[in-house]
>>> print(open('target_25.txt').read())   # compact mmCIF, C-alpha atoms (C1' of nucleotides)
# COMPACT_ATOMS: atom_id res chain seq x y z
CA MET A 1 11.69 -12.57 -3.24
CA PRO A 2 10.58 -9.01 -3.00
CA GLU A 3 10.71 -7.32 -6.37
CA LEU A 4 9.04 -4.04 -7.28
CA PRO A 5 5.44 -5.30 -6.87
CA GLU A 6 6.14 -6.86 -3.47
CA VAL A 7 7.98 -3.76 -2.21
CA GLU A 8 5.22 -1.51 -3.53
CA THR A 9 2.60 -3.65 -1.78
CA ILE A 10 4.44 -3.34 1.53
CA ARG A 11 4.91 0.39 0.99
CA SER A 12 1.24 1.02 0.30
CA GLN A 13 0.21 -0.99 3.34
CA LEU A 14 2.72 0.66 5.70
CA ALA A 15 2.32 4.27 4.61
CA PRO A 16 -1.12 5.13 6.08
CA GLY A 17 -0.18 3.91 9.54
CA LEU A 18 3.29 5.48 9.61
CA ALA A 19 2.90 8.92 8.08
CA GLY A 20 3.04 11.54 10.82
CA ARG A 21 4.04 9.09 13.56
CA VAL A 22 7.06 9.62 15.79
CA VAL A 23 9.59 6.85 16.41
CA LYS A 24 9.63 6.24 20.15
CA HIS A 25 12.05 3.35 20.25
CA VAL A 26 14.03 1.04 17.97
CA THR A 27 15.46 -2.37 18.80
CA ILE A 28 17.83 -4.05 16.35
CA THR A 29 18.86 -7.62 17.15
CA ASP A 30 20.82 -8.49 14.00
CA GLU A 31 24.39 -7.16 13.82
CA ARG A 32 24.39 -7.50 10.05
CA LEU A 33 21.36 -5.33 9.39
CA THR A 34 22.98 -1.90 9.56
CA ARG A 35 26.52 -2.76 8.50
CA PRO A 36 28.95 -1.10 8.55
CA GLU A 37 27.23 1.06 11.18
CA PRO A 38 26.61 -0.52 14.57
CA PRO A 39 22.90 -1.27 15.19
CA ASP A 40 22.77 0.81 18.35
CA ALA A 41 23.95 3.92 16.50
CA ILE A 42 21.16 3.60 13.94
CA ALA A 43 18.55 2.76 16.55
CA GLY A 44 19.59 5.78 18.58
CA ALA A 45 19.57 8.09 15.58
CA LEU A 46 16.05 7.06 14.62
CA LYS A 47 14.61 7.70 18.04
CA GLY A 48 12.52 10.87 18.10
CA GLU A 49 12.31 11.16 14.31
CA ARG A 50 8.90 11.89 12.83
CA ILE A 51 8.08 9.87 9.71
CA ALA A 52 6.88 12.10 6.87
CA ASP A 53 5.90 9.26 4.55
CA VAL A 54 7.00 5.96 3.05
CA ARG A 55 8.13 5.87 -0.57
CA ARG A 56 9.70 3.40 -2.97
CA ARG A 57 12.38 3.51 -5.67
CA GLY A 58 13.04 0.26 -7.50
CA LYS A 59 13.25 -2.35 -4.76
CA TYR A 60 14.17 0.18 -2.07
CA LEU A 61 11.73 1.20 0.65
CA ILE A 62 12.34 4.79 1.70
CA PHE A 63 11.19 6.07 5.09
CA ARG A 64 11.25 9.81 4.64
CA LEU A 65 11.91 11.56 7.94
CA GLU A 66 10.89 15.13 8.68
CA SER A 67 14.48 16.01 9.62
CA GLY A 68 15.41 15.45 5.97
CA ARG A 69 17.10 12.16 6.68
CA HIS A 70 15.99 8.92 5.04
CA LEU A 71 15.97 5.35 6.26
CA LEU A 72 16.67 3.27 3.17
CA VAL A 73 15.63 -0.36 3.49
CA HIS A 74 16.42 -3.12 0.99
CA LEU A 75 14.60 -6.39 1.63
CA ARG A 76 16.82 -8.49 -0.65
CA MET A 77 15.59 -12.08 -0.60
CA THR A 78 13.44 -12.61 2.46
CA GLY A 79 13.08 -9.29 4.27
CA GLY A 80 9.69 -7.90 5.18
CA PHE A 81 7.65 -5.72 7.54
CA ALA A 82 4.60 -6.44 9.66
CA HIS A 83 2.49 -3.61 11.07
CA PRO A 84 1.05 -4.15 13.53
CA ALA A 85 3.81 -6.52 14.54
CA VAL A 86 3.30 -10.26 14.76
CA ASP A 87 4.04 -11.90 18.11
CA GLU A 88 7.80 -11.84 18.69
CA ASP A 89 7.80 -14.94 20.87
CA THR A 90 6.61 -17.13 18.02
CA ASP A 91 8.80 -15.47 15.40
CA PRO A 92 12.42 -16.65 15.20
CA HIS A 93 13.16 -14.28 12.30
CA ARG A 94 12.42 -10.94 13.90
CA ARG A 95 15.49 -8.76 13.36
CA ALA A 96 14.23 -5.35 14.48
CA THR A 97 11.29 -3.58 16.07
CA ILE A 98 10.20 0.03 15.67
CA THR A 99 7.83 1.35 18.33
CA LEU A 100 5.67 4.33 17.30
CA ASP A 101 4.09 7.08 19.38
CA ASP A 102 0.65 5.52 18.91
CA GLY A 103 1.90 2.49 20.83
CA SER A 104 2.08 0.15 17.85
CA ASP A 105 5.11 -1.90 16.86
CA ILE A 106 6.49 -2.40 13.37
CA ALA A 107 8.25 -5.75 13.06
CA TYR A 108 11.11 -6.23 10.62
CA ARG A 109 11.59 -9.88 9.68
CA ASP A 110 14.23 -11.55 7.52
CA VAL A 111 14.86 -15.31 7.35
CA ARG A 112 18.12 -15.15 5.44
CA ARG A 113 19.43 -11.85 6.80
CA PHE A 114 20.46 -10.37 3.44
CA GLY A 115 18.34 -7.27 3.98
CA THR A 116 19.94 -3.91 4.83
CA TRP A 117 19.06 -0.68 6.64
CA LEU A 118 20.91 2.48 5.76
CA LEU A 119 20.40 5.89 7.35
CA LEU A 120 21.14 8.72 4.93
CA GLU A 121 21.73 12.31 5.97
CA PRO A 122 19.73 15.15 4.36
CA GLY A 123 20.61 15.57 0.69
CA GLU A 124 22.29 12.19 0.26
CA LEU A 125 19.39 10.19 -1.15
CA GLU A 126 19.42 11.29 -4.77
CA ASP A 127 23.09 10.62 -5.38
CA TYR A 128 22.91 7.30 -3.58
CA LEU A 129 20.06 6.07 -5.75
CA ALA A 130 21.37 7.56 -8.98
CA ALA A 131 24.59 5.60 -8.54
CA ARG A 132 22.72 2.32 -8.17
CA ILE A 133 19.45 2.21 -10.06
CA GLY A 134 18.01 3.38 -13.36
CA GLY A 135 14.56 4.48 -14.45
CA GLU A 136 11.33 3.78 -12.63
CA PRO A 137 9.43 1.49 -15.02
CA LEU A 138 5.91 2.56 -14.08
CA GLU A 139 6.59 6.27 -14.40
CA ARG A 140 5.78 8.32 -17.47
CA SER A 141 9.48 8.94 -18.05
CA PHE A 142 10.05 5.25 -18.82
CA THR A 143 9.55 5.62 -22.54
CA THR A 144 10.65 3.22 -25.26
CA ALA A 145 13.35 5.70 -26.22
CA ALA A 146 14.63 5.93 -22.65
CA PHE A 147 14.61 2.15 -22.29
CA ALA A 148 16.44 1.72 -25.62
CA LYS A 149 19.09 4.14 -24.42
CA ALA A 150 19.52 2.22 -21.18
CA LEU A 151 19.92 -1.04 -23.11
CA ALA A 152 22.17 0.32 -25.85
CA GLY A 153 25.42 -1.50 -26.51
CA ARG A 154 24.89 -4.26 -23.99
CA ARG A 155 26.34 -7.59 -25.01
CA THR A 156 24.62 -9.56 -22.27
CA PRO A 157 21.53 -11.72 -22.71
CA VAL A 158 18.40 -9.59 -22.48
CA LYS A 159 17.40 -11.42 -19.31
CA ALA A 160 20.60 -10.23 -17.63
CA ALA A 161 19.87 -6.68 -18.77
CA LEU A 162 16.41 -6.81 -17.20
CA LEU A 163 17.93 -7.97 -13.92
CA ASP A 164 20.46 -5.11 -13.99
CA GLN A 165 18.93 -2.43 -11.77
CA LYS A 166 20.80 0.26 -13.70
CA ALA A 167 18.90 -0.63 -16.87
CA VAL A 168 15.49 -0.58 -15.23
CA ALA A 169 14.76 -0.43 -11.51
CA GLY A 170 12.77 -3.06 -9.67
CA VAL A 171 12.66 -6.06 -12.01
CA GLY A 172 13.83 -9.35 -10.51
CA ASN A 173 13.85 -12.94 -11.67
CA ILE A 174 10.11 -13.54 -11.62
CA TYR A 175 8.95 -10.44 -13.44
CA ALA A 176 11.82 -10.62 -15.94
CA ASP A 177 10.62 -14.03 -17.12
CA GLU A 178 6.99 -12.92 -17.19
CA ALA A 179 7.87 -9.81 -19.21
CA LEU A 180 9.97 -11.72 -21.75
CA TRP A 181 7.10 -14.16 -22.26
CA ARG A 182 4.69 -11.29 -22.80
CA ALA A 183 7.06 -9.62 -25.27
CA GLN A 184 7.75 -12.99 -26.97
CA ILE A 185 11.50 -12.54 -26.69
CA HIS A 186 13.94 -15.37 -25.90
CA PRO A 187 15.77 -14.69 -22.61
CA ARG A 188 19.16 -15.44 -24.23
CA ARG A 189 18.78 -12.94 -27.06
CA ALA A 190 21.73 -10.55 -27.07
CA THR A 191 20.38 -7.21 -25.87
CA ARG A 192 22.03 -5.25 -28.65
CA THR A 193 20.32 -7.33 -31.36
CA LEU A 194 16.86 -6.21 -30.25
CA GLY A 195 15.12 -4.04 -32.80
CA MET A 196 13.07 -1.00 -31.84
CA PRO A 197 9.76 -2.90 -32.13
CA GLU A 198 11.11 -5.49 -29.72
CA VAL A 199 12.35 -2.88 -27.26
CA ALA A 200 8.92 -1.26 -27.41
CA ARG A 201 7.22 -4.60 -26.78
CA LEU A 202 9.57 -5.34 -23.90
CA ARG A 203 8.99 -1.94 -22.33
CA ASP A 204 5.24 -2.51 -22.43
CA ALA A 205 5.68 -6.09 -21.20
CA VAL A 206 7.75 -5.02 -18.18
CA ARG A 207 5.01 -2.61 -17.18
CA TRP A 208 2.36 -5.26 -17.80
CA ALA A 209 4.17 -7.80 -15.60
CA LEU A 210 4.78 -5.34 -12.76
CA ARG A 211 1.22 -4.00 -12.81
CA ARG A 212 -0.19 -7.51 -12.65
CA GLY A 213 2.07 -8.21 -9.69
CA ILE A 214 0.93 -5.10 -7.85
CA ALA A 215 -2.72 -5.84 -8.58
CA ARG A 216 -2.28 -9.25 -6.96
CA GLN A 217 -0.26 -7.86 -4.05
CA GLY A 218 2.90 -9.64 -5.08
CA ALA A 219 3.91 -13.28 -5.35
CA THR A 220 4.25 -15.54 -2.31
CA LEU A 221 6.45 -18.52 -3.14
CA ARG A 222 7.49 -19.19 0.42
CA ASP A 223 8.37 -16.29 2.70
CA TYR A 224 6.84 -13.16 1.26
CA ARG A 225 3.98 -11.52 3.16
CA GLY A 226 2.47 -8.07 2.92
CA ALA A 227 2.81 -5.69 5.87
CA ASN A 228 -0.72 -6.80 6.83
CA GLY A 229 0.40 -10.44 6.90
CA ALA A 230 -1.47 -11.41 3.74
CA ARG A 231 0.07 -13.62 1.08
CA GLY A 232 0.33 -12.35 -2.46
CA ARG A 233 -1.78 -13.93 -5.20
CA MET A 234 0.51 -13.42 -8.19
CA GLN A 235 2.02 -16.90 -7.92
CA SER A 236 -1.18 -18.44 -9.22
CA ALA A 237 -1.18 -16.12 -12.24
CA PHE A 238 2.34 -16.82 -13.55
CA ARG A 239 2.53 -17.42 -17.29
CA VAL A 240 5.96 -19.10 -17.20
CA TYR A 241 7.83 -18.67 -13.90
CA GLY A 242 8.20 -22.02 -12.13
CA ARG A 243 5.97 -23.78 -14.69
CA ALA A 244 8.39 -26.16 -16.45
CA GLY A 245 6.47 -28.84 -18.37
CA GLU A 246 3.13 -27.07 -18.14
CA PRO A 247 1.49 -25.87 -21.38
CA CYS A 248 2.04 -22.29 -22.49
CA ASP A 249 -1.14 -20.24 -22.00
CA ARG A 250 -0.71 -18.83 -25.51
CA CYS A 251 0.20 -21.85 -27.64
CA GLY A 252 0.13 -24.98 -25.48
CA THR A 253 3.81 -25.82 -25.96
CA PRO A 254 5.41 -27.11 -22.74
CA ILE A 255 7.29 -24.42 -20.81
CA GLU A 256 11.04 -25.05 -20.55
CA LYS A 257 13.50 -24.22 -17.80
CA ILE A 258 17.05 -23.14 -18.59
CA ARG A 259 19.77 -21.17 -16.82
CA VAL A 260 20.52 -17.61 -17.89
CA ALA A 261 22.81 -15.18 -16.09
CA GLY A 262 23.07 -17.70 -13.27
CA ARG A 263 19.31 -17.64 -12.68
CA GLY A 264 16.60 -20.21 -13.21
CA THR A 265 14.75 -19.04 -16.31
CA TRP A 266 11.40 -20.21 -17.68
CA PHE A 267 10.15 -19.51 -21.19
CA CYS A 268 8.03 -20.87 -24.03
CA PRO A 269 10.26 -22.29 -26.76
CA HIS A 270 7.57 -21.70 -29.39
CA CYS A 271 6.41 -18.20 -28.48
CA GLN A 272 9.93 -17.01 -27.63
CA PRO A 273 12.13 -18.42 -30.43
CA PHE A 274 15.82 -17.56 -30.43
CA ASP A 275 16.57 -17.60 -34.15
CA ARG A 276 15.48 -14.87 -36.53
CA GLU A 277 13.73 -17.09 -39.07
CA ARG A 278 11.25 -18.40 -36.57
CA ARG A 279 10.99 -14.98 -35.00
CA GLU A 280 9.76 -13.41 -38.20
CA SER A 281 7.58 -16.26 -39.38
C1' DC B 1 35.10 0.47 -19.31
C1' DT B 2 32.09 -4.14 -19.27
C1' DT B 3 31.18 -8.75 -17.85
C1' DT B 4 31.64 -12.76 -14.87
C1' DT B 5 32.32 -14.95 -10.55
C1' DT B 6 32.15 -15.25 -5.65
C1' DC B 7 30.08 -14.46 -1.49
C1' DC B 8 26.67 -13.61 1.96
C1' DC B 9 22.58 -16.48 4.58
C1' DT B 10 18.78 -19.91 5.97
C1' DG B 11 15.80 -23.57 5.39
C1' DG B 12 13.15 -26.63 2.39
C1' DA B 13 13.61 -30.62 -0.75
C1' DC B 14 15.80 -34.70 -1.80
C1' DG B 15 18.76 -38.98 -1.66
C1' DC B 16 20.44 -42.58 1.09
C1' DT C 1 15.03 -40.30 11.97
C1' DG C 2 19.13 -38.16 10.61
C1' DC C 3 22.42 -36.76 8.11
C1' DG C 4 24.83 -34.52 3.77
C1' DT C 5 24.13 -32.00 -0.46
C1' DC C 6 21.91 -28.93 -3.51
C1' DC C 7 19.20 -25.01 -4.55
C1' DA C 8 16.70 -20.45 -4.22
C1' DG C 9 18.58 -15.36 -5.71
C1' DG C 10 19.64 -9.42 -5.01
C1' DG C 11 23.39 -7.00 -5.09
C1' DA C 12 28.18 -5.69 -3.38
C1' DA C 13 32.71 -6.66 -4.25
C1' DA C 14 36.38 -8.88 -6.37
C1' DA C 15 38.23 -10.93 -10.40
C1' DA C 16 38.69 -11.31 -15.30
>>> encode(input="target_25.txt", output="structure tokens")
Amino acid sequence: MPELPEVETIRSQLAPGLAGRVVKHVTITDERLTRPEPPDAIAGALKGERIADVRRRGKYLIFRLESGRHLLVHLRMTGGFAHPAVDEDTDPHRRATITLDDGSDIAYRDVRRFGTWLLLEPGELEDYLAARIGGEPLERSFTTAAFAKALAGRRTPVKAALLDQKAVAGVGNIYADEALWRAQIHPRRATRTLGMPEVARLRDAVRWALRRGIARQGATLRDYRGANGARGRMQSAFRVYGRAGEPCDRCGTPIEKIRVAGRGTWFCPHCQPFDRERRES
DNA sequence: CTTTTTCCCTGGACGC
DNA sequence: TGCGTCCAGGGAAAAA
């Protein structure tokens, strides 16, 4: 499930080979991909565009085009790129192909077809993103004060707040659990009951979790691959995610799995107590 | 306004 | 071997 570290890994691997290249041809074989626009319209519009660079905001990949337009790609659950492309004949999940002026192909793959491509006209990007996602957690502007403001007044469990892209951009189910473990906060704690020290710990913990993920080139549970085809290595470094019954790395207590905000949630019941007495002891 | 629920998809795991 | 059922989950949209 591509979250910020997985998207950033793909971005960093794609960018060197794409910057400055011209799109010679685009084939889109999944009707869903560009909805509501027809695939042929998007494919035709991309043809002849020169790619300035590849950027990322939250979980969005942004292909910045020299015309001022942007191709905004969201990988959702199982989307991904391969450059150079893997063999199409042996890949049932190829949904699109971008051919560049150096003769190479970029393959877009997506098992579950939740991913989306959106072509934005010049000037549209900022408003589009501002309406959907909040602060970039690894940037300097993501201060404790800014995070506290984004969390203020929320009545949801803190785990739900972390998953809300308007509160902080790029955190998904894996890194939310890892961050809450690091910050020693119970995932069901009501967001508005968090004190400033806890918000500060959580802010640092989110950055810690995401940086670890990037350093290990993301987590491969099943489908995720980098643009170079490599698996991530983060899955073998999880502190809690997917580790029900295994001992906590900090205290040895067995990790528990519960459901929060409709998502599988793993935490350490000793290190992340819910009630205040145990929290302060 | 905020919060919750439903839906979109495929395929792997599991029970019988 | 072959079904049927459940589950994974990001985010848009609808419902509450």
>>> closest_atom_pairs(input="target_25.txt", of="chain A", to="chain B", cutoff="10 Å", atoms="all atoms listed in the file", output="tab-separated table")
residue	atom	partner	partner_atom	distance
A:Met77	CA	B:DC9	C1'	9.7
A:Thr78	CA	B:DT10	C1'	9.7
A:Asp110	CA	B:DT10	C1'	9.6
A:Val111	CA	B:DT10	C1'	6.2
A:Arg112	CA	B:DC9	C1'	4.7
A:Arg113	CA	B:DC9	C1'	6.0
A:Phe114	CA	B:DC9	C1'	6.6
A:Arg154	CA	B:DT2	C1'	8.6
A:Arg155	CA	B:DT3	C1'	8.7
A:Thr156	CA	B:DT3	C1'	8.0
A:Arg222	CA	B:DG12	C1'	9.6
A:Ala261	CA	B:DT4	C1'	9.2
>>> closest_atom_pairs(input="target_25.txt", of="chain C", to="chain A", cutoff="12 Å", atoms="all atoms listed in the file", output="JSON lines")
{"residue": "C:DC7", "atom": "C1'", "partner": "A:Gly264", "partner_atom": "CA", "distance": 10.2}
{"residue": "C:DA8", "atom": "C1'", "partner": "A:Gly264", "partner_atom": "CA", "distance": 9.0}
{"residue": "C:DG9", "atom": "C1'", "partner": "A:Met77", "partner_atom": "CA", "distance": 6.8}
{"residue": "C:DG10", "atom": "C1'", "partner": "A:Arg76", "partner_atom": "CA", "distance": 5.3}
{"residue": "C:DG11", "atom": "C1'", "partner": "A:Arg76", "partner_atom": "CA", "distance": 8.1}
{"residue": "C:DA12", "atom": "C1'", "partner": "A:Arg132", "partner_atom": "CA", "distance": 10.8}
>>> residues_around(input="target_25.txt", residues="Ala209 in chain A", least_positions_apart="6", cutoff="7 Å", atoms="only C-alpha atoms (C1' of nucleotides)", output="ChimeraX atom specification")
/A:175,178-179
>>> atom_distance(input="target_25.txt", atom1="CA of Thr99 in chain A", atom2="CA of Ile51 in chain A")
12.1 Å
>>> closest_residue(input="target_25.txt", among="A:Thr9, A:Ser104, A:Thr90, A:Gln272", to="Arg188 in chain A", atoms="all atoms listed in the file")
A:Gln272
>>> residues_around(input="target_25.txt", residues="Lys24 in chain A", least_positions_apart="4", cutoff="10 Å", atoms="all atoms listed in the file", output="PyMOL selection string")
chain A and resi 46-50+98-105
